[in-house]
Amino acid sequence: MMKQKHTAKVLSQREIAPDIFDMWIETPLAADAKPGQFLGIYPKDKSTLLPRPISICETDAGQARLRIVYRIAGAGTREFSGYRVGDCISVLGNLGNGFPLEQGTGKKVFLMGGGIGVPPILELAKRLEAEKQIVAGYRDSSLFLKEDLEKYGTVYVATEDGSAGTKGNVMDAIAENGLGAEVVFACGPMPMLRAVKAYACQHGIPAYISLEEHMACGVGACLGCVVKTKEIDHHSHVHNARICTDGPVFEAQEVEL
């Protein structure tokens, strides 16, 4: 399905942690959404011209609805947090590639999410047929989506302040629990993804990481979200890839972090 701009309808919204909002929207984009893809959501405030990239958290194709879980990070997402049931919003999707499920099928895997990188792990956990160890990192004891994740695998938690689970980050939780895996799927802030890449390299296993860098256009035109790569990009003819179109998911060893 080609990228399309749709008018979606808000079905529900609630705050599930401080400044973290959980919204279901009605949209035909649900039929083709893949774990790891994202939407571009347009603020109604015309002074904010560009769409905001929001990861797809969960899909329900049968009911033509999608779930997004996002953090208030600026004017656009603050506007989104005020939307009510029945409001209409402009959505561009589905954007980016997704996690390669076939690389983890039948294997022992880590599904790792840090902070606002936790939401896209949920749909991945639902669809991946594997032995799933879900490692989620949070700032504190506001463990949003933990109960949802527990339906699909064994969940291990790390918190920066030590208020729940392992004190530290997702790598500390892996070490403390003596965990191992054949494949890693991860989404989170850059320091976490660097650690995941190093771990995968050390253990000789593949890691598929979703980069959370800021995006502008979301469709590959502006080159505002490039990442250095081993291979030459066919678009710019240099060692760059565009996170919004070539990613956001990459094999970790193929990109410089």
# chains A, B, ... in the order shown; residues from 1 in each chain; ligands from 1
call {"tool": "closest_atom_pairs", "arguments": {"of": "range 77-174 of chain A", "to": "range 182-203 of chain A", "cutoff": "10 Å", "atoms": "only C-alpha atoms", "output": "JSON lines"}}
result
{"residue": "A:Phe99", "atom": "CA", "partner": "A:Phe185", "partner_atom": "CA", "distance": 7.5}
{"residue": "A:Pro100", "atom": "CA", "partner": "A:Phe185", "partner_atom": "CA", "distance": 9.1}
{"residue": "A:Leu101", "atom": "CA", "partner": "A:Phe185", "partner_atom": "CA", "distance": 9.4}
{"residue": "A:Gln103", "atom": "CA", "partner": "A:Val183", "partner_atom": "CA", "distance": 7.6}
{"residue": "A:Gly104", "atom": "CA", "partner": "A:Val183", "partner_atom": "CA", "distance": 6.3}
{"residue": "A:Thr105", "atom": "CA", "partner": "A:Val183", "partner_atom": "CA", "distance": 9.7}
{"residue": "A:Lys107", "atom": "CA", "partner": "A:Glu182", "partner_atom": "CA", "distance": 6.5}
{"residue": "A:Lys108", "atom": "CA", "partner": "A:Glu182", "partner_atom": "CA", "distance": 5.5}
{"residue": "A:Val109", "atom": "CA", "partner": "A:Val183", "partner_atom": "CA", "distance": 4.9}
{"residue": "A:Phe110", "atom": "CA", "partner": "A:Val184", "partner_atom": "CA", "distance": 4.7}
{"residue": "A:Leu111", "atom": "CA", "partner": "A:Phe185", "partner_atom": "CA", "distance": 5.0}
{"residue": "A:Met112", "atom": "CA", "partner": "A:Ala186", "partner_atom": "CA", "distance": 4.5}
{"residue": "A:Gly113", "atom": "CA", "partner": "A:Cys187", "partner_atom": "CA", "distance": 5.0}
{"residue": "A:Gly114", "atom": "CA", "partner": "A:Gly188", "partner_atom": "CA", "distance": 4.5}
{"residue": "A:Gly115", "atom": "CA", "partner": "A:Gly188", "partner_atom": "CA", "distance": 6.4}
{"residue": "A:Ile116", "atom": "CA", "partner": "A:Gly188", "partner_atom": "CA", "distance": 6.8}
{"residue": "A:Gly117", "atom": "CA", "partner": "A:Gly188", "partner_atom": "CA", "distance": 4.2}
{"residue": "A:Val118", "atom": "CA", "partner": "A:Cys187", "partner_atom": "CA", "distance": 6.9}
{"residue": "A:Pro119", "atom": "CA", "partner": "A:Cys187", "partner_atom": "CA", "distance": 8.9}
{"residue": "A:Pro120", "atom": "CA", "partner": "A:Cys187", "partner_atom": "CA", "distance": 7.5}
{"residue": "A:Ile121", "atom": "CA", "partner": "A:Cys187", "partner_atom": "CA", "distance": 7.4}
{"residue": "A:Leu124", "atom": "CA", "partner": "A:Phe185", "partner_atom": "CA", "distance": 8.9}
{"residue": "A:Gln133", "atom": "CA", "partner": "A:Val184", "partner_atom": "CA", "distance": 9.7}
{"residue": "A:Ile134", "atom": "CA", "partner": "A:Phe185", "partner_atom": "CA", "distance": 9.6}
{"residue": "A:Val135", "atom": "CA", "partner": "A:Ala186", "partner_atom": "CA", "distance": 9.2}
{"residue": "A:Ala136", "atom": "CA", "partner": "A:Gly188", "partner_atom": "CA", "distance": 9.7}
{"residue": "A:Gly137", "atom": "CA", "partner": "A:Gly188", "partner_atom": "CA", "distance": 8.9}
{"residue": "A:Asn169", "atom": "CA", "partner": "A:Met192", "partner_atom": "CA", "distance": 8.0}
{"residue": "A:Val170", "atom": "CA", "partner": "A:Met192", "partner_atom": "CA", "distance": 7.8}
{"residue": "A:Met171", "atom": "CA", "partner": "A:Ala195", "partner_atom": "CA", "distance": 7.4}
call {"tool": "residues_around", "arguments": {"residues": "Ile72 in chain A", "least_positions_apart": "6", "cutoff": "9 Å", "atoms": "only C-alpha atoms", "output": "PyMOL selection string"}}
result
chain A and resi 19-21+78-81
call {"tool": "atom_distance", "arguments": {"atom1": "CA of Tyr208 in chain A", "atom2": "CA of Gly98 in chain A"}}
result
9.8 Å
call {"tool": "atom_distance", "arguments": {"atom1": "CA of Arg67 in chain A", "atom2": "CA of Asp172 in chain A"}}
result
29.5 Å
call {"tool": "closest_residue", "arguments": {"among": "A:Val255, A:Val85, A:Ala30, A:Leu145", "to": "Ile16 in chain A", "atoms": "only C-alpha atoms"}}
result
A:Leu145
call {"tool": "residues_around", "arguments": {"residues": "Gln63 in chain A", "least_positions_apart": "6", "cutoff": "12 Å", "atoms": "only C-alpha atoms", "output": "ChimeraX atom specification"}}
result
/A:11,24-31
call {"tool": "atom_distance", "arguments": {"atom1": "CA of Gly36 in chain A", "atom2": "CA of Ala158 in chain A"}}
result
21.9 Å
call {"tool": "closest_residue", "arguments": {"among": "A:Ala8, A:Ile209, A:Ala130, A:Leu143", "to": "Ala181 in chain A", "atoms": "only C-alpha atoms"}}
result
A:Ala130
call {"tool": "residues_around", "arguments": {"residues": "Ser55 in chain A", "least_positions_apart": "3", "cutoff": "12 Å", "atoms": "only C-alpha atoms", "output": "ChimeraX atom specification"}}
result
/A:22-23,33-41,52,58-59,66-71,93-98,116-124,187-188,210-213,218,244,248-249
call {"tool": "select_by_dssp", "arguments": {"residues": "range 39-255 of chain A", "states": "helix (DSSP H, G or I)", "output": "PyMOL selection string"}}
result
chain A and resi 61-63+75-80+101-103+115-117+119-127+146-149+170-176+190-203+252-254
call {"tool": "select_by_dssp", "arguments": {"residues": "range 4-253 of chain A", "states": "strand (DSSP E)", "output": "ChimeraX atom specification"}}
result
/A:4-17,20-26,38-42,52-60,65-71,88-95,108-114,131-138,154-159,166-167,183-187,207-210,226-228,240-242,249-251
call {"tool": "residues_around", "arguments": {"residues": "Lys126 in chain A", "least_positions_apart": "6", "cutoff": "9 Å", "atoms": "only C-alpha atoms", "output": "VMD selection string"}}
result
chain A and resid 58 149 151 to 153
call {"tool": "closest_residue", "arguments": {"among": "A:Ala173, A:Ala252, A:Val157, A:Leu50", "to": "Gly76 in chain A", "atoms": "only C-alpha atoms"}}
result
A:Leu50
call {"tool": "closest_residue", "arguments": {"among": "A:Arg65, A:Lys167, A:Lys132, A:Arg14", "to": "Phe144 in chain A", "atoms": "only C-alpha atoms"}}
result
A:Arg14
